[in-house]
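> Structure in structure tokens, see below.
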Amino acid sequence: MGIKHDVLSVMRNWAPEDTAESWDNVGLQVDTLRDIDRIALVLELNLDTWDVLQQYNYDFIISHHPLIFKPFRSVGYDDWSHQVLRELIKKDIGFYVSHTNLDRASDGVTDVLMRQFELDIIEQTDIVNGYGKLVSVSKPIDIIDIEDKVPVLAKIVPDQLEIQKVALCGGSGKSFTQDVIDHGADLYITGELGYHDMQALRQQKVAVMLLGHYQSEAFVLDAIQQRLDHLDVDIDIVK
Ligand SMILES: [Zn+2]
């Protein structure tokens, strides 16, 4: 029982693990029996974030992206993910992942991103199968009204753009490009798209705001912190 149990139940109630994609790997990737006083929240555990994390005494790490993703038969020294995994086990630090289950969770990655734009929403649905959001706003907006809310890395703005329907997808929105077009969205806000996705959207006069994969997802760390705030544990976001 204890804090680990409470943390896991908050995360699992919010974003049930069995709602993750079948190709994904989520859940408790490294278990620990130690008492949990300090938790770190990261989008990804890699050699860079580990560099920061190891300077503090975290007992447990919650990450959006998995550390253990593809199955492996041995643990070596060359692969960066194996290097980090060794460190976690050596220091007995627990590691939990909430990935595609958090993407599609209510109040998950895309919902939290959507909130940043303070849209006056009158109607909303998923783009497809629980992923992304497609919202209609109460009155047409100009891209100038919302492009300052979150830093934009790249954008496409068709002539005479009037935005009534906005599609949003935190992280990579590549796989939903055609759905966004089919739904008749006027603007697609997402973290990441390929060149050909951008071209397809441009040809259909759909405006695009590209935020960067990391930047579009980072807001969810604040949401995780708020969800765990009532627990008697220190929680830091490590970006
Ligand atoms: Zn992601």
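Here's how to read the names in the structure tokens: chain A, B, ... by the order shown, residue numbers from 1 in each chain, ligand numbers from 1 in the order shown.
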Near Val128 in chain A, counting only C-alpha atoms, which residues have an atom at most 9 Å away, once you skip same-chain residues fewer than 5 positions from it, shown as a list in words?

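These residues fall inside the cut-off: Lys133, Phe176 and Asp179 of chain A.
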
> Could you please take those selected residues and save N, CA and C atoms as an mmCIF file, in the first residue's frame?


data_model
loop_
_atom_site.group_PDB
_atom_site.id
_atom_site.type_symbol
_atom_site.label_atom_id
_atom_site.label_comp_id
_atom_site.auth_asym_id
_atom_site.auth_seq_id
_atom_site.Cartn_x
_atom_site.Cartn_y
_atom_site.Cartn_z
ATOM 1 N N LYS A 133 -8.944 16.255 -30.764
ATOM 2 C CA LYS A 133 -10.222 16.920 -30.528
ATOM 3 C C LYS A 133 -10.567 17.766 -31.742
ATOM 4 N N PHE A 176 -3.523 11.554 -38.244
ATOM 5 C CA PHE A 176 -4.904 12.021 -38.340
ATOM 6 C C PHE A 176 -5.101 13.093 -39.407
ATOM 7 N N ASP A 179 -8.144 12.561 -41.571
ATOM 8 C CA ASP A 179 -9.374 12.717 -40.774
ATOM 9 C C ASP A 179 -9.686 14.197 -40.541
#

> Which residues are close to range 190-201 of chain A, i.e. within 10 Å by only C-alpha atoms, leaving aside same-chain residues fewer than 6 positions away? Reply as an MDAnalysis selection string.

chainID A and resid 110 113 132 152:156 158 167:178 180:181 207:217

> Take the residues that were just selected and, keeping C-alpha atoms, output them as a PDB file, in the first residue's frame.


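Done, and the output landed in out.pdb:
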ATOM      1  CA  THR A 110      -4.910  16.921 -26.083  1.00  0.00           C
ATOM      2  CA  LEU A 113      -3.260  21.429 -24.807  1.00  0.00           C
ATOM      3  CA  GLY A 132      -7.419  14.403 -30.812  1.00  0.00           C
ATOM      4  CA  VAL A 152       4.393  28.252 -32.653  1.00  0.00           C
ATOM      5  CA  LEU A 153       7.310  26.644 -34.514  1.00  0.00           C
ATOM      6  CA  ALA A 154       5.776  26.762 -37.994  1.00  0.00           C
ATOM      7  CA  LYS A 155       2.442  27.624 -39.520  1.00  0.00           C
ATOM      8  CA  ILE A 156       0.439  27.632 -42.716  1.00  0.00           C
ATOM      9  CA  PRO A 158      -4.354  30.187 -46.190  1.00  0.00           C
ATOM     10  CA  ALA A 167      -8.677  20.224 -34.773  1.00  0.00           C
ATOM     11  CA  LEU A 168      -6.102  19.646 -32.048  1.00  0.00           C
ATOM     12  CA  CYS A 169      -3.762  16.788 -31.311  1.00  0.00           C
ATOM     13  CA  GLY A 170      -0.944  16.855 -28.761  1.00  0.00           C
ATOM     14  CA  GLY A 171       2.271  15.092 -29.798  1.00  0.00           C
ATOM     15  CA  SER A 172       2.396  13.743 -33.329  1.00  0.00           C
ATOM     16  CA  GLY A 173      -0.776  14.455 -35.295  1.00  0.00           C
ATOM     17  CA  LYS A 174       0.528  12.811 -38.466  1.00  0.00           C
ATOM     18  CA  SER A 175      -1.788   9.833 -38.526  1.00  0.00           C
ATOM     19  CA  PHE A 176      -4.904  12.021 -38.340  1.00  0.00           C
ATOM     20  CA  THR A 177      -4.153  14.385 -41.234  1.00  0.00           C
ATOM     21  CA  GLN A 178      -6.759  12.872 -43.555  1.00  0.00           C
ATOM     22  CA  VAL A 180      -8.798  16.403 -40.043  1.00  0.00           C
ATOM     23  CA  ILE A 181      -9.392  17.193 -43.728  1.00  0.00           C
ATOM     24  CA  ALA A 207      -4.428  26.262 -41.652  1.00  0.00           C
ATOM     25  CA  VAL A 208      -1.730  24.608 -39.540  1.00  0.00           C
ATOM     26  CA  MET A 209      -0.026  25.578 -36.300  1.00  0.00           C
ATOM     27  CA  LEU A 210       2.905  23.323 -35.505  1.00  0.00           C
ATOM     28  CA  LEU A 211       4.092  23.529 -31.908  1.00  0.00           C
ATOM     29  CA  GLY A 212       6.768  20.833 -31.672  1.00  0.00           C
ATOM     30  CA  HIS A 213       6.138  17.350 -30.291  1.00  0.00           C
ATOM     31  CA  TYR A 214       7.607  18.054 -26.861  1.00  0.00           C
ATOM     32  CA  GLN A 215       6.136  21.550 -26.547  1.00  0.00           C
ATOM     33  CA  SER A 216       2.613  20.369 -27.370  1.00  0.00           C
ATOM     34  CA  GLU A 217       2.711  17.661 -24.696  1.00  0.00           C
TER      35      GLU A 217
END

> Set the distance at 12 Å and use only C-alpha atoms: which residues neighbour Ile144 in chain A once local chain neighbours fewer than 5 positions away are removed? I'd like the list as an NGL selection string.

:A and (117 or 149-150 or 152 or 155 or 157 or 161-163 or 209)

> Any chance you can output those residues with C-alpha atoms as a PDB file, in the first residue's frame?


ATOM      1  CA  PHE A 117      -6.009  28.356 -26.316  1.00  0.00           C
ATOM      2  CA  LYS A 149      -1.163  31.517 -26.488  1.00  0.00           C
ATOM      3  CA  VAL A 150       1.492  28.874 -27.146  1.00  0.00           C
ATOM      4  CA  VAL A 152       4.393  28.252 -32.653  1.00  0.00           C
ATOM      5  CA  LYS A 155       2.442  27.624 -39.520  1.00  0.00           C
ATOM      6  CA  VAL A 157      -2.134  30.370 -43.097  1.00  0.00           C
ATOM      7  CA  LEU A 161      -8.939  32.191 -43.355  1.00  0.00           C
ATOM      8  CA  GLU A 162     -11.913  32.186 -41.043  1.00  0.00           C
ATOM      9  CA  ILE A 163     -11.658  29.652 -38.256  1.00  0.00           C
ATOM     10  CA  MET A 209      -0.026  25.578 -36.300  1.00  0.00           C
TER      11      MET A 209
END

> For Leu231 in chain A, list every protein, DNA or RNA residue within 9 Å, evaluated using only C-alpha atoms, and leave out those in the same chain fewer than 2 positions away; present the list as number ranges by chain.

A: 3, 6-7, 227-229, 233-234

> Out of range 6-235 of chain A, which residues get strand (DSSP E or B) from DSSP, as a ChimeraX atom specification?

/A:27-30,38-42,60-63,94-97,121-125,128,131,133-141,154-156,163-172,187-192,207-210,234-235

> Given the choices A:Gly184, A:Pro66, A:Gly76, A:Pro71, which gets closest to ligand 1 if the distance is worked out from only C-alpha atoms and all ligand atoms?

A:Pro66

> Env of Ile146 in chain A: 12 Å cut, atoms = only C-alpha atoms, seq-sep filter 5 positions within chain, self excluded. Answer as a PyMOL selection string.

chain A and resi 114-120+140-141+151-152+163+166+187+189+209

> So, counting only C-alpha atoms and all ligand atoms, which residue among A:Lys205, A:His64, A:Arg38, A:Lys165 is closest to ligand 1?

A:His64
